[in-house]
>>> print(open('input08.cif').read())   # mmCIF, C-alpha atoms
data_target
loop_
_atom_site.label_atom_id
_atom_site.label_comp_id
_atom_site.auth_asym_id
_atom_site.auth_seq_id
_atom_site.Cartn_x
_atom_site.Cartn_y
_atom_site.Cartn_z
CA MET A 1 116.12 99.52 72.38
CA ASN A 2 117.36 96.67 70.24
CA LEU A 3 117.24 93.45 72.14
CA SER A 4 119.22 90.39 71.23
CA PHE A 5 117.92 86.98 72.13
CA PHE A 6 119.72 86.67 75.41
CA ASP A 7 119.39 90.16 76.85
CA GLN A 8 116.59 89.07 79.12
CA PHE A 9 118.88 86.59 80.83
CA ALA A 10 121.66 89.07 81.47
CA SER A 11 121.94 90.30 85.02
CA PRO A 12 120.29 93.73 84.97
CA SER A 13 122.30 96.85 85.55
CA LEU A 14 121.67 100.56 85.16
CA LEU A 15 124.67 102.69 84.28
CA GLY A 16 126.93 100.09 85.78
CA ILE A 17 124.93 99.73 89.00
CA PRO A 18 123.83 96.10 89.42
CA LEU A 19 120.11 95.85 89.95
CA VAL A 20 119.95 92.17 90.73
CA LEU A 21 119.42 92.80 94.44
CA ILE A 22 116.39 94.97 93.72
CA SER A 23 114.99 92.31 91.42
CA LEU A 24 115.38 89.76 94.19
CA THR A 25 113.83 91.83 96.97
CA PHE A 26 111.13 93.58 94.95
CA PRO A 27 108.60 90.70 95.16
CA ALA A 28 108.56 91.13 98.93
CA LEU A 29 107.14 94.62 98.43
CA LEU A 30 104.06 93.12 96.85
CA LEU A 31 103.11 91.24 100.00
CA VAL A 32 101.08 92.96 102.73
CA SER A 33 101.42 92.29 106.40
CA PRO A 34 98.06 91.57 108.03
CA GLY A 35 97.24 94.72 109.99
CA ASN A 36 95.95 94.73 113.53
CA ARG A 37 92.36 95.04 112.38
CA TRP A 38 89.40 92.93 113.23
CA ILE A 39 88.52 92.46 109.55
CA ASN A 40 91.39 92.72 107.08
CA SER A 41 91.32 93.83 103.47
CA ARG A 42 90.48 91.34 100.73
CA PHE A 43 94.04 91.23 99.50
CA SER A 44 95.35 90.52 102.97
CA THR A 45 92.73 87.84 103.54
CA ILE A 46 93.53 86.03 100.32
CA GLN A 47 97.25 86.23 100.92
CA LEU A 48 96.81 84.78 104.39
CA TRP A 49 94.57 82.03 103.05
CA LEU A 50 97.15 81.15 100.38
CA VAL A 51 100.02 81.04 102.85
CA ASN A 52 97.96 78.85 105.17
CA LEU A 53 97.10 76.53 102.30
CA ILE A 54 100.74 76.20 101.27
CA THR A 55 101.95 75.59 104.82
CA LYS A 56 99.27 73.01 105.56
CA GLN A 57 99.96 71.21 102.29
CA LEU A 58 103.68 71.04 102.98
CA MET A 59 103.57 70.20 106.67
CA VAL A 60 100.95 67.45 106.74
CA PRO A 61 103.33 64.63 105.73
CA LEU A 62 106.06 65.81 108.07
CA ASN A 63 106.44 64.79 111.69
CA LYS A 64 106.68 67.27 114.53
CA LYS A 65 110.42 67.84 114.14
CA GLY A 66 109.91 68.68 110.49
CA HIS A 67 107.57 71.52 111.38
CA LYS A 68 110.62 73.58 112.19
CA TRP A 69 111.07 73.87 108.44
CA ALA A 70 107.63 75.42 107.91
CA LEU A 71 108.86 79.00 107.74
CA ILE A 72 111.68 78.47 105.29
CA LEU A 73 109.70 76.21 103.00
CA THR A 74 106.67 78.49 102.87
CA SER A 75 108.72 81.61 102.32
CA LEU A 76 110.73 79.82 99.62
CA MET A 77 107.50 78.81 97.91
CA VAL A 78 106.07 82.32 98.01
CA PHE A 79 109.35 83.78 96.76
CA LEU A 80 109.61 81.37 93.85
CA LEU A 81 105.95 81.85 92.93
CA LEU A 82 106.30 85.59 92.86
CA THR A 83 109.61 85.76 90.99
CA ASN A 84 108.45 83.24 88.41
CA LEU A 85 105.14 84.94 87.79
CA LEU A 86 106.62 88.43 87.71
CA GLY A 87 109.14 87.23 85.16
CA LEU A 88 106.37 86.68 82.66
CA LEU A 89 105.73 90.40 82.42
CA PRO A 90 107.49 92.18 79.55
CA TYR A 91 110.95 93.62 80.04
CA THR A 92 111.37 91.95 83.41
CA PHE A 93 114.28 89.94 84.67
CA THR A 94 113.61 86.55 86.26
CA PRO A 95 116.31 85.77 88.78
CA THR A 96 115.38 82.11 88.88
CA THR A 97 116.46 81.65 85.28
CA GLN A 98 119.98 82.05 86.52
CA LEU A 99 121.51 78.70 87.36
CA SER A 100 123.57 80.38 90.04
CA MET A 101 120.43 81.27 91.94
CA SER A 102 118.65 77.94 91.57
CA LEU A 103 121.67 75.98 92.66
CA ALA A 104 122.31 78.43 95.49
CA LEU A 105 118.81 77.69 96.76
CA ALA A 106 118.83 73.96 96.11
CA PHE A 107 122.26 72.91 97.29
CA PRO A 108 122.29 74.24 100.86
CA LEU A 109 118.74 73.13 101.57
CA TRP A 110 119.35 69.63 100.23
CA LEU A 111 122.61 69.39 102.13
CA ALA A 112 120.78 70.48 105.28
CA THR A 113 118.29 67.65 104.89
CA VAL A 114 121.02 65.08 104.31
CA LEU A 115 123.12 66.24 107.23
CA THR A 116 120.07 66.33 109.51
CA GLY A 117 119.33 62.76 108.57
CA LEU A 118 122.92 61.56 108.98
CA ARG A 119 123.28 63.28 112.31
CA ASN A 120 120.03 62.32 114.01
CA GLN A 121 119.22 58.93 112.50
CA PRO A 122 122.22 57.76 110.46
CA SER A 123 121.17 54.16 110.02
CA ILE A 124 117.66 55.05 108.83
CA SER A 125 118.87 57.60 106.32
CA LEU A 126 121.51 55.22 105.02
CA ALA A 127 118.85 52.55 104.81
CA HIS A 128 117.03 54.71 102.25
CA LEU A 129 119.83 53.88 99.84
CA LEU A 130 118.48 50.36 99.45
CA PRO A 131 114.82 49.84 98.59
CA GLU A 132 113.06 46.96 100.29
CA GLY A 133 112.91 43.54 98.72
CA THR A 134 115.73 43.78 96.22
CA PRO A 135 117.38 40.53 95.10
CA VAL A 136 120.69 39.96 96.89
CA LEU A 137 122.73 39.98 93.71
CA LEU A 138 121.58 43.44 92.74
CA ILE A 139 122.40 45.04 96.10
CA PRO A 140 125.88 46.47 95.27
CA ALA A 141 124.74 47.92 91.97
CA LEU A 142 121.62 49.33 93.51
CA ILE A 143 123.53 50.98 96.34
CA LEU A 144 125.76 52.72 93.82
CA ILE A 145 122.77 53.81 91.78
CA GLU A 146 120.92 55.10 94.80
CA THR A 147 123.98 57.02 96.00
CA THR A 148 124.34 58.63 92.61
CA SER A 149 120.67 59.48 92.69
CA LEU A 150 121.09 61.02 96.10
CA LEU A 151 124.10 63.09 95.07
CA ILE A 152 122.48 64.32 91.90
CA ARG A 153 119.40 65.64 93.71
CA PRO A 154 120.61 69.21 94.29
CA ILE A 155 121.81 69.57 90.72
CA ALA A 156 118.51 68.20 89.49
CA LEU A 157 116.53 70.55 91.70
CA GLY A 158 118.45 73.61 90.61
CA VAL A 159 118.70 72.77 86.94
CA ARG A 160 115.04 71.75 86.74
CA LEU A 161 113.91 75.13 87.94
CA ALA A 162 116.35 77.17 85.87
CA ALA A 163 115.95 75.10 82.70
CA ASN A 164 112.15 75.13 82.75
CA LEU A 165 111.93 78.85 83.18
CA THR A 166 114.71 79.63 80.73
CA ALA A 167 113.18 77.38 78.10
CA GLY A 168 109.79 78.94 78.59
CA HIS A 169 111.08 82.48 78.32
CA LEU A 170 113.15 81.63 75.30
CA LEU A 171 110.19 80.00 73.56
CA ILE A 172 108.02 83.02 74.22
CA GLN A 173 110.76 85.23 72.86
CA LEU A 174 111.28 83.17 69.71
CA ILE A 175 107.61 82.81 68.88
CA SER A 176 107.04 86.54 69.42
CA THR A 177 109.96 87.25 67.11
CA ALA A 178 108.38 84.95 64.55
CA THR A 179 105.08 86.78 64.92
CA VAL A 180 106.74 90.13 64.38
CA ALA A 181 108.79 88.87 61.43
CA LEU A 182 105.83 87.25 59.70
CA SER A 183 103.49 90.18 60.23
CA SER A 184 104.87 92.02 57.21
CA THR A 185 104.99 89.12 54.76
CA MET A 186 102.30 86.61 55.82
CA PRO A 187 99.88 88.25 58.24
CA ALA A 188 97.56 85.28 58.47
CA VAL A 189 100.38 83.00 59.59
CA SER A 190 101.39 85.75 61.98
CA VAL A 191 97.95 85.65 63.57
CA LEU A 192 98.21 81.88 63.89
CA THR A 193 101.61 82.26 65.55
CA PHE A 194 100.07 84.78 67.91
CA LEU A 195 97.45 82.24 68.90
CA ILE A 196 100.18 79.73 69.58
CA LEU A 197 101.89 82.38 71.67
CA LEU A 198 98.70 82.88 73.71
CA LEU A 199 98.53 79.19 74.49
CA LEU A 200 102.20 79.14 75.31
CA THR A 201 101.76 82.06 77.69
CA LEU A 202 99.03 80.18 79.50
CA LEU A 203 101.34 77.21 79.72
CA GLU A 204 104.13 79.39 81.04
CA VAL A 205 101.92 80.78 83.77
CA ALA A 206 101.11 77.23 84.80
CA VAL A 207 104.75 76.17 84.57
CA ALA A 208 105.86 79.11 86.69
CA MET A 209 103.55 78.04 89.48
CA ILE A 210 104.19 74.35 89.11
CA GLN A 211 107.96 74.66 89.12
CA ALA A 212 107.88 76.62 92.34
CA TYR A 213 105.62 74.02 93.90
CA VAL A 214 107.73 71.10 92.66
CA PHE A 215 110.93 72.61 94.00
CA VAL A 216 109.52 73.02 97.47
CA LEU A 217 107.65 69.73 97.41
CA LEU A 218 110.77 67.77 96.54
CA LEU A 219 112.66 69.50 99.31
CA SER A 220 109.95 68.54 101.77
CA LEU A 221 110.12 64.97 100.49
CA TYR A 222 113.86 64.84 101.01
CA LEU A 223 113.22 66.22 104.47
CA GLN A 224 110.63 63.56 105.18
CA GLU A 225 113.14 60.84 104.50
CA ASN A 226 115.70 62.30 106.82
CA ILE A 227 113.97 63.83 109.79
CA VAL B 1 107.48 115.07 134.01
CA LEU B 2 104.34 115.10 131.90
CA HIS B 3 104.61 118.78 131.02
CA THR B 4 108.11 118.40 129.59
CA THR B 5 107.10 115.59 127.26
CA ARG B 6 103.81 117.26 126.33
CA PRO B 7 105.14 118.88 123.09
CA LEU B 8 106.10 115.42 121.81
CA HIS B 9 102.50 114.21 121.97
CA THR B 10 101.40 114.90 118.43
CA THR B 11 98.40 112.55 118.13
CA GLN B 12 95.32 112.23 120.23
CA GLN B 13 95.57 110.26 123.39
CA SER B 14 92.55 108.06 122.85
CA LEU B 15 93.25 104.36 122.50
CA ALA B 16 89.95 103.28 121.00
CA PRO B 17 88.20 103.31 118.62
CA VAL B 18 90.71 102.69 115.85
CA PRO B 19 89.71 104.79 112.82
CA PRO B 20 87.73 102.58 110.44
CA LEU B 21 89.00 101.40 107.07
CA PRO B 22 87.16 102.92 104.12
CA GLU B 23 84.42 100.70 102.67
CA LYS B 24 85.71 100.80 99.12
CA GLY B 25 89.14 101.42 97.70
CA GLY B 26 89.99 104.42 95.54
CA GLU B 27 87.96 104.78 92.37
CA VAL B 28 89.92 103.52 89.39
CA ARG B 29 89.16 103.75 85.68
CA HIS B 30 90.15 100.95 83.34
CA GLY B 31 91.55 99.12 86.32
CA LEU B 32 94.73 101.16 86.39
CA ILE B 33 94.29 104.92 86.36
CA PRO B 34 92.85 106.64 89.42
CA GLU B 35 89.75 108.71 88.93
CA GLU B 36 91.52 111.72 90.47
CA PHE B 37 93.67 112.01 87.35
CA PHE B 38 90.61 112.44 85.17
CA GLN B 39 89.12 114.97 87.56
CA PHE B 40 92.46 116.79 87.63
CA LEU B 41 92.45 117.22 83.85
CA TYR B 42 88.73 117.84 83.48
CA PRO B 43 88.68 121.63 84.00
CA LYS B 44 91.27 122.24 81.29
CA THR B 45 90.68 119.49 78.75
CA GLY B 46 87.23 118.11 79.41
CA VAL B 47 86.18 114.50 79.24
CA THR B 48 88.44 113.35 76.40
CA GLY B 49 91.57 115.04 77.76
CA PRO B 50 93.30 112.09 79.42
CA TYR B 51 92.54 109.84 76.47
CA MET B 52 94.03 112.34 74.06
CA LEU B 53 97.04 112.59 76.31
CA GLY B 54 97.41 108.82 76.35
CA THR B 55 97.01 108.44 72.61
CA GLY B 56 99.38 111.29 71.92
CA LEU B 57 101.97 109.90 74.27
CA VAL B 58 101.82 106.43 72.72
CA LEU B 59 102.00 107.79 69.18
CA TYR B 60 104.88 110.06 70.15
CA LEU B 61 106.84 107.19 71.64
CA LEU B 62 106.20 105.02 68.61
CA SER B 63 106.80 107.56 65.90
CA LYS B 64 110.02 108.86 67.40
CA GLU B 65 111.16 105.28 67.96
CA ILE B 66 111.72 105.98 71.63
CA TYR B 67 109.85 102.74 72.08
CA VAL B 68 110.82 100.25 69.39
CA VAL B 69 108.32 97.57 68.45
CA ASN B 70 110.11 94.29 68.98
CA TYR B 71 109.28 90.80 70.10
CA GLU B 72 108.61 91.96 73.67
CA THR B 73 105.71 94.06 72.40
CA VAL B 74 103.97 90.97 71.12
CA ALA B 75 104.82 89.04 74.29
CA ALA B 76 103.49 91.98 76.32
CA ALA B 77 100.26 92.00 74.35
CA CYS B 78 99.95 88.30 75.02
CA ILE B 79 100.53 88.29 78.76
CA LEU B 80 98.43 91.43 79.25
CA SER B 81 95.49 89.92 77.43
CA VAL B 82 95.84 86.79 79.59
CA ILE B 83 95.93 88.91 82.75
CA ILE B 84 92.98 91.08 81.71
CA TYR B 85 90.95 88.04 80.74
CA GLY B 86 91.75 86.40 84.07
CA VAL B 87 90.86 89.48 86.10
CA LYS B 88 87.62 90.12 84.23
CA LYS B 89 86.48 86.54 84.44
CA PHE B 90 87.55 85.61 87.96
CA GLY B 91 87.78 88.97 89.71
CA ALA B 92 84.31 89.02 91.19
CA ASP B 93 84.55 85.39 92.29
CA VAL B 94 87.83 86.01 94.07
CA ALA B 95 86.33 89.03 95.83
CA ALA B 96 83.30 87.00 96.89
CA PHE B 97 85.62 84.27 98.12
CA ALA B 98 87.58 86.76 100.21
CA ASP B 99 84.33 88.11 101.65
CA LYS B 100 83.22 84.60 102.46
CA LEU B 101 86.47 83.95 104.30
CA ASN B 102 85.80 87.08 106.33
CA GLU B 103 82.08 86.62 106.92
CA VAL B 104 82.39 84.94 110.31
CA THR B 105 84.54 87.76 111.66
CA THR B 106 82.21 90.32 110.08
CA LYS B 107 79.26 88.83 111.90
CA LEU B 108 81.13 88.77 115.20
CA GLN B 109 82.58 92.26 114.96
CA PHE B 110 79.95 93.87 117.17
CA ASP B 111 80.16 91.12 119.77
CA PHE B 112 83.83 91.80 120.19
CA ALA B 113 83.73 95.59 119.90
CA PRO B 114 85.87 97.40 122.46
CA PRO B 115 83.12 98.41 124.95
CA THR B 116 82.03 94.82 125.47
CA CYS B 117 85.39 93.17 125.17
CA CYS B 118 87.58 95.61 127.03
CA PRO B 119 85.84 98.20 129.24
CA LEU B 120 89.27 99.06 130.58
CA LEU B 121 89.96 100.90 127.34
CA CYS B 122 86.89 103.09 127.87
CA VAL B 123 87.89 103.84 131.43
CA GLN B 124 91.39 104.74 130.32
CA ASN B 125 89.92 106.94 127.62
CA ASN B 126 87.74 108.81 130.12
CA ILE B 127 90.60 109.30 132.54
CA ALA B 128 92.77 110.61 129.74
CA MET B 129 90.05 113.09 128.79
CA LEU B 130 89.66 114.28 132.40
CA LEU B 131 93.40 114.75 132.74
CA GLU B 132 93.50 116.72 129.52
CA THR B 133 90.62 118.98 130.60
CA ASN B 134 92.32 119.63 133.90
CA TYR B 135 95.59 120.38 132.18
CA ARG B 136 93.92 122.86 129.84
CA GLU B 137 92.16 124.62 132.71
CA ARG B 138 95.44 125.05 134.53
CA LEU B 139 97.06 126.26 131.33
CA LEU B 140 94.37 128.93 131.03
CA THR B 141 94.93 130.02 134.63
CA VAL B 142 98.64 130.35 134.01
CA TYR B 143 97.98 132.40 130.92
CA ASN B 144 95.66 134.77 132.74
CA GLU B 145 98.05 135.26 135.64
CA VAL B 146 100.94 136.05 133.36
CA LYS B 147 98.74 138.45 131.41
CA LYS B 148 97.77 140.24 134.59
CA ARG B 149 101.36 140.77 135.58
CA LEU B 150 102.30 142.05 132.16
CA ASP B 151 99.27 144.38 132.12
CA TYR B 152 100.41 145.80 135.44
CA GLN B 153 103.82 146.58 134.04
CA VAL B 154 102.29 148.24 131.00
CA ALA B 155 99.96 150.35 133.19
CA MET B 156 102.90 151.40 135.35
CA GLN B 157 104.84 152.58 132.34
CA ASN B 158 101.89 154.49 130.97
CA LEU B 159 101.26 156.18 134.29
CA LYS B 160 104.90 157.17 134.65
CA ARG B 161 104.96 158.70 131.19
CA GLN B 162 101.71 160.57 131.83
CA LYS B 163 103.07 162.01 135.07
CA GLU B 164 106.28 163.07 133.42
CA GLN B 165 104.36 164.79 130.64
CA ASP B 166 102.09 166.65 133.11
CA HIS B 167 105.00 167.74 135.25
CA MET B 168 106.89 169.01 132.23
CA ILE B 169 103.90 171.06 131.06
CA GLN B 170 103.46 172.57 134.51
CA TRP B 171 107.14 173.44 134.74
CA VAL B 172 107.14 175.09 131.35
CA GLU B 173 104.06 177.16 132.22
CA LYS B 174 105.51 178.21 135.56
CA ASN B 175 108.74 179.36 133.99
CA VAL B 176 106.97 181.31 131.30
CA ILE B 177 104.82 183.11 133.85
CA GLN B 178 107.85 183.83 136.01
CA SER B 179 109.79 185.20 133.10
CA ILE B 180 107.26 187.94 132.46
CA THR B 181 109.10 190.95 134.16
CA PRO B 182 107.22 193.99 135.57
CA GLN B 183 108.65 196.14 132.74
CA GLN B 184 107.21 193.76 130.20
CA GLN B 185 103.92 193.72 132.07
CA LYS B 186 103.67 197.55 132.00
CA GLU B 187 104.54 197.60 128.31
CA SER B 188 101.97 194.95 127.43
CA ILE B 189 99.28 196.70 129.47
CA ALA B 190 100.11 200.09 127.73
CA LYS B 191 99.95 198.33 124.38
CA CYS B 192 96.59 196.79 125.27
CA ILE B 193 95.23 200.23 126.27
CA LEU B 194 96.43 201.75 123.01
CA ASP B 195 94.83 198.87 121.09
CA LEU B 196 91.60 199.35 122.99
CA LYS B 197 91.65 203.10 122.20
CA ALA B 198 92.21 202.39 118.55
CA LEU B 199 89.40 199.83 118.58
CA SER B 200 87.07 202.26 120.41
CA LYS B 201 87.89 204.95 117.84
CA SER B 202 87.01 202.67 115.00
CA ALA B 203 83.98 201.43 116.91
CA HIS B 204 82.98 205.00 117.64
CA ALA B 205 83.37 205.71 113.95
CA ALA B 206 81.23 202.65 113.07
CA VAL B 207 78.47 203.88 115.39
#
>>> encode(input="input08.cif", output="structure tokens")
Amino acid sequence: MNLSFFDQFASPSLLGIPLVLISLTFPALLLVSPGNRWINSRFSTIQLWLVNLITKQLMVPLNKKGHKWALILTSLMVFLLLTNLLGLLPYTFTPTTQLSMSLALAFPLWLATVLTGLRNQPSISLAHLLPEGTPVLLIPALILIETTSLLIRPIALGVRLAANLTAGHLLIQLISTATVALSSTMPAVSVLTFLILLLLTLLEVAVAMIQAYVFVLLLSLYLQENI
Amino acid sequence: VLHTTRPLHTTQQSLAPVPPLPEKGGEVRHGLIPEEFFQFLYPKTGVTGPYMLGTGLVLYLLSKEIYVVNYETVAAACILSVIIYGVKKFGADVAAFADKLNEVTTKLQFDFAPPTCCPLLCVQNNIAMLLETNYRERLLTVYNEVKKRLDYQVAMQNLKRQKEQDHMIQWVEKNVIQSITPQQQKESIAKCILDLKALSKSAHAAV
């Protein structure tokens, strides 16, 4: 199996059958539903605790109307966490490295927040375009800048997620290639490269979790402004 | 209606208690391979069997280049060492944490056990048992009644056959006796007398 540098980012297929749907829905198989027992298994308990932690963390700043978003935000967070972390395993495909997927998640959710704000409280959400206490002369420029900032949010959300993960995976790939290439000529340097790879892997694990959290946190922030 | 749906009832009818979860999960060696696999191979290959299998498999895949060593191998080694380190270092703590999350419910489990929390379930259970006993008794009665009727039929057939056989034998005997004509009778008697004379002669001679 000779891999080129970008095979891991190609949409997976087996004999012409696209497997991308399986790669998207597989993480759900790893989650257990809490059974109707008095005392649940350790795995179930920890999963429940984690989901509660995430939901509490996300919902505390939101008002009562925002709590309607609890389900989608928590499930998005769990999905991103799982897909990102599973992508660190060898020979796996990370769907979130695909820009199409990140933008497909970011754009509709951002648009939903903006439309909610414009529909329910249009003046307040428009007022967010102008921070308080700006000098009068700067107001036109600032409005333009804030509008641009608003419009670029979905692209930023999507690209941030995809770019971070892609860069991480690519770095791991390149440094591993370097390790393999150096192992025959300069083994000591190869060992050093392997140590760098270890540190990078730890970083990637952290990045995987942080990126998922940041994505959902930003969405909840945009929601806070508008709901 | 109950008797028509009875064949569809495959499980027991009791509602409580729910069968308990096992205390510990399945035994696993090296965190991945179930113990049953080792036990499965033990009779044929002994203790080192599975390890030899593993080593042989890995060497086969490598030497035949079915698995090519590339950059993913190194990345795999990396992430697996991170995972194994994480599990070994934090595994017990996570388990203790999960147990701590559950400890309140564990302490309360006997306070909220079904007899104290829902006696209705026990009553329903008892009624279900009584109904089942009654049903089985009636089933036995039906079985016995049907058996009696079938036994009667069998006995009737046997009796009929016996009577036919007896009658046939009698009829055959009667006809044979009737068919012996007086001429035949005289001849057989004369023959018997001749035989007797011959016997007496030889007996006379013996004496």
>>> residues_around(input="input08.cif", residues="segment 101-109 of chain B", least_positions_apart="3", cutoff="12 Å", atoms="only C-alpha atoms", output="PyMOL selection string")
(chain A and resi 37-50) or (chain B and resi 94-98+112-117)
>>> write_last_selection(input="input08.cif", atoms="C-alpha atoms", output="mmCIF file, in the frame of the given file")
data_model
loop_
_atom_site.group_PDB
_atom_site.id
_atom_site.type_symbol
_atom_site.label_atom_id
_atom_site.label_comp_id
_atom_site.auth_asym_id
_atom_site.auth_seq_id
_atom_site.Cartn_x
_atom_site.Cartn_y
_atom_site.Cartn_z
ATOM 1 C CA ARG A 37 92.360 95.040 112.380
ATOM 2 C CA TRP A 38 89.400 92.930 113.230
ATOM 3 C CA ILE A 39 88.520 92.460 109.550
ATOM 4 C CA ASN A 40 91.390 92.720 107.080
ATOM 5 C CA SER A 41 91.320 93.830 103.470
ATOM 6 C CA ARG A 42 90.480 91.340 100.730
ATOM 7 C CA PHE A 43 94.040 91.230 99.500
ATOM 8 C CA SER A 44 95.350 90.520 102.970
ATOM 9 C CA THR A 45 92.730 87.840 103.540
ATOM 10 C CA ILE A 46 93.530 86.030 100.320
ATOM 11 C CA GLN A 47 97.250 86.230 100.920
ATOM 12 C CA LEU A 48 96.810 84.780 104.390
ATOM 13 C CA TRP A 49 94.570 82.030 103.050
ATOM 14 C CA LEU A 50 97.150 81.150 100.380
ATOM 15 C CA VAL B 94 87.830 86.010 94.070
ATOM 16 C CA ALA B 95 86.330 89.030 95.830
ATOM 17 C CA ALA B 96 83.300 87.000 96.890
ATOM 18 C CA PHE B 97 85.620 84.270 98.120
ATOM 19 C CA ALA B 98 87.580 86.760 100.210
ATOM 20 C CA PHE B 112 83.830 91.800 120.190
ATOM 21 C CA ALA B 113 83.730 95.590 119.900
ATOM 22 C CA PRO B 114 85.870 97.400 122.460
ATOM 23 C CA PRO B 115 83.120 98.410 124.950
ATOM 24 C CA THR B 116 82.030 94.820 125.470
ATOM 25 C CA CYS B 117 85.390 93.170 125.170
#
>>> atom_distance(input="input08.cif", atom1="atom CA of Leu86 of chain A", atom2="atom CA of Tyr85 of chain B")
17.2 Å
>>> atom_distance(input="input08.cif", atom1="atom CA of Asn36 of chain A", atom2="atom CA of Gln57 of chain A")
26.4 Å
>>> closest_atom_pairs(input="input08.cif", of="chain A", to="chain B", cutoff="8 Å", atoms="all atoms listed in the file", output="Markdown table")
| residue | atom | partner | partner_atom | distance |
| --- | --- | --- | --- | --- |
| A:Met1 | CA | B:Val68 | CA | 6.1 |
| A:Asn2 | CA | B:Val68 | CA | 7.5 |
| A:Leu3 | CA | B:Asn70 | CA | 7.8 |
| A:Trp38 | CA | B:Gln109 | CA | 7.1 |
| A:Ile39 | CA | B:Thr105 | CA | 6.5 |
| A:Asn40 | CA | B:Asn102 | CA | 8.0 |
| A:Arg42 | CA | B:Ala98 | CA | 5.4 |
| A:Phe43 | CA | B:Ala98 | CA | 7.9 |
| A:Thr45 | CA | B:Ala98 | CA | 6.2 |
| A:Ile46 | CA | B:Ala98 | CA | 6.0 |
| A:Leu88 | CA | B:Ile79 | CA | 7.2 |
| A:Leu89 | CA | B:Ala76 | CA | 6.7 |
| A:Pro90 | CA | B:Ala76 | CA | 5.1 |
| A:Tyr91 | CA | B:Glu72 | CA | 7.0 |
| A:Ile172 | CA | B:Ala75 | CA | 6.8 |
| A:Gln173 | CA | B:Tyr71 | CA | 6.4 |
| A:Leu174 | CA | B:Tyr71 | CA | 7.9 |
| A:Ser176 | CA | B:Tyr71 | CA | 4.9 |
| A:Thr177 | CA | B:Tyr71 | CA | 4.7 |
| A:Thr179 | CA | B:Val74 | CA | 7.6 |
| A:Val180 | CA | B:Tyr71 | CA | 6.3 |
| A:Phe194 | CA | B:Cys78 | CA | 7.9 |
| A:Leu197 | CA | B:Cys78 | CA | 7.1 |
| A:Leu198 | CA | B:Cys78 | CA | 5.7 |
| A:Thr201 | CA | B:Ile79 | CA | 6.4 |
| A:Leu202 | CA | B:Val82 | CA | 7.3 |
>>> resolve_selection(input="input08.cif", expression="the PyMOL selection byres ((chain A and resi 55) around 12)", output="ChimeraX atom specification")
/A:48-54,56-62,66-78,213,216-217,220
>>> atom_distance(input="input08.cif", atom1="atom CA of Leu151 of chain A", atom2="atom CA of Leu80 of chain A")
23.4 Å
>>> residues_around(input="input08.cif", residues="Ala28 of chain A", least_positions_apart="3", cutoff="8 Å", atoms="only C-alpha atoms", output="mmCIF file with C-alpha atoms, keeping the file's coordinate frame")
data_model
loop_
_atom_site.group_PDB
_atom_site.id
_atom_site.type_symbol
_atom_site.label_atom_id
_atom_site.label_comp_id
_atom_site.auth_asym_id
_atom_site.auth_seq_id
_atom_site.Cartn_x
_atom_site.Cartn_y
_atom_site.Cartn_z
ATOM 1 C CA THR A 25 113.830 91.830 96.970
ATOM 2 C CA LEU A 31 103.110 91.240 100.000
ATOM 3 C CA PHE A 79 109.350 83.780 96.760
#
>>> residues_around(input="input08.cif", residues="Thr94 of chain A", least_positions_apart="4", cutoff="10 Å", atoms="all atoms listed in the file", output="tab-separated table (two decimals) with C-alpha atoms, in the coordinates of the input")
chain	number	residue	atom	x	y	z
A	8	GLN	CA	116.59	89.07	79.12
A	9	PHE	CA	118.88	86.59	80.83
A	10	ALA	CA	121.66	89.07	81.47
A	11	SER	CA	121.94	90.30	85.02
A	12	PRO	CA	120.29	93.73	84.97
A	20	VAL	CA	119.95	92.17	90.73
A	23	SER	CA	114.99	92.31	91.42
A	24	LEU	CA	115.38	89.76	94.19
A	82	LEU	CA	106.30	85.59	92.86
A	83	THR	CA	109.61	85.76	90.99
A	84	ASN	CA	108.45	83.24	88.41
A	85	LEU	CA	105.14	84.94	87.79
A	86	LEU	CA	106.62	88.43	87.71
A	87	GLY	CA	109.14	87.23	85.16
A	88	LEU	CA	106.37	86.68	82.66
A	89	LEU	CA	105.73	90.40	82.42
A	98	GLN	CA	119.98	82.05	86.52
A	162	ALA	CA	116.35	77.17	85.87
A	165	LEU	CA	111.93	78.85	83.18
A	166	THR	CA	114.71	79.63	80.73
A	169	HIS	CA	111.08	82.48	78.32
>>> residues_near_point(input="input08.cif", point="(120.0, 71.4, 93.8)", cutoff="7 Å", atoms="only C-alpha atoms", output="JSON, numbers by chain")
{"A": [103, 106, 107, 110, 153, 154, 155, 156, 157, 158]}
>>> residues_around(input="input08.cif", residues="segment 26-30 of chain B", least_positions_apart="3", cutoff="12 Å", atoms="only C-alpha atoms", output="PyMOL selection string")
chain B and resi 21-23+33-39+50-51+84+87-88
>>> axis_aligned_box(input="input08.cif", around="segment 158-168 of chain A", padding_each_side="4 Å", output="JSON")
{"center_x": 114.2, "center_y": 75.7, "center_z": 84.4, "size_x": 16.9, "size_y": 15.9, "size_z": 20.5}
>>> resolve_selection(input="input08.cif", expression="the PyMOL selection byres ((chain A and resi 150) around 10)", output="number ranges by chain")
A: 110, 114, 128-129, 144-149, 151-154, 222
>>> closest_residue(input="input08.cif", among="A:Thr193, A:Thr92, A:Ala212, A:Phe5", to="Phe26 of chain A", atoms="only C-alpha atoms")
A:Thr92
>>> decode(input="input08.cif", residues="segment 152-159 of chain A", atoms="C-alpha atoms", output="mmCIF file, in the first residue's frame")
data_model
loop_
_atom_site.group_PDB
_atom_site.id
_atom_site.type_symbol
_atom_site.label_atom_id
_atom_site.label_comp_id
_atom_site.auth_asym_id
_atom_site.auth_seq_id
_atom_site.Cartn_x
_atom_site.Cartn_y
_atom_site.Cartn_z
ATOM 1 C CA ILE A 152 -16.780 36.369 7.493
ATOM 2 C CA ARG A 153 -17.740 34.433 10.627
ATOM 3 C CA PRO A 154 -19.016 31.268 8.934
ATOM 4 C CA ILE A 155 -16.007 31.072 6.645
ATOM 5 C CA ALA A 156 -13.733 31.598 9.624
ATOM 6 C CA LEU A 157 -15.494 28.925 11.642
ATOM 7 C CA GLY A 158 -15.333 26.355 8.885
ATOM 8 C CA VAL A 159 -11.836 27.104 7.700
#
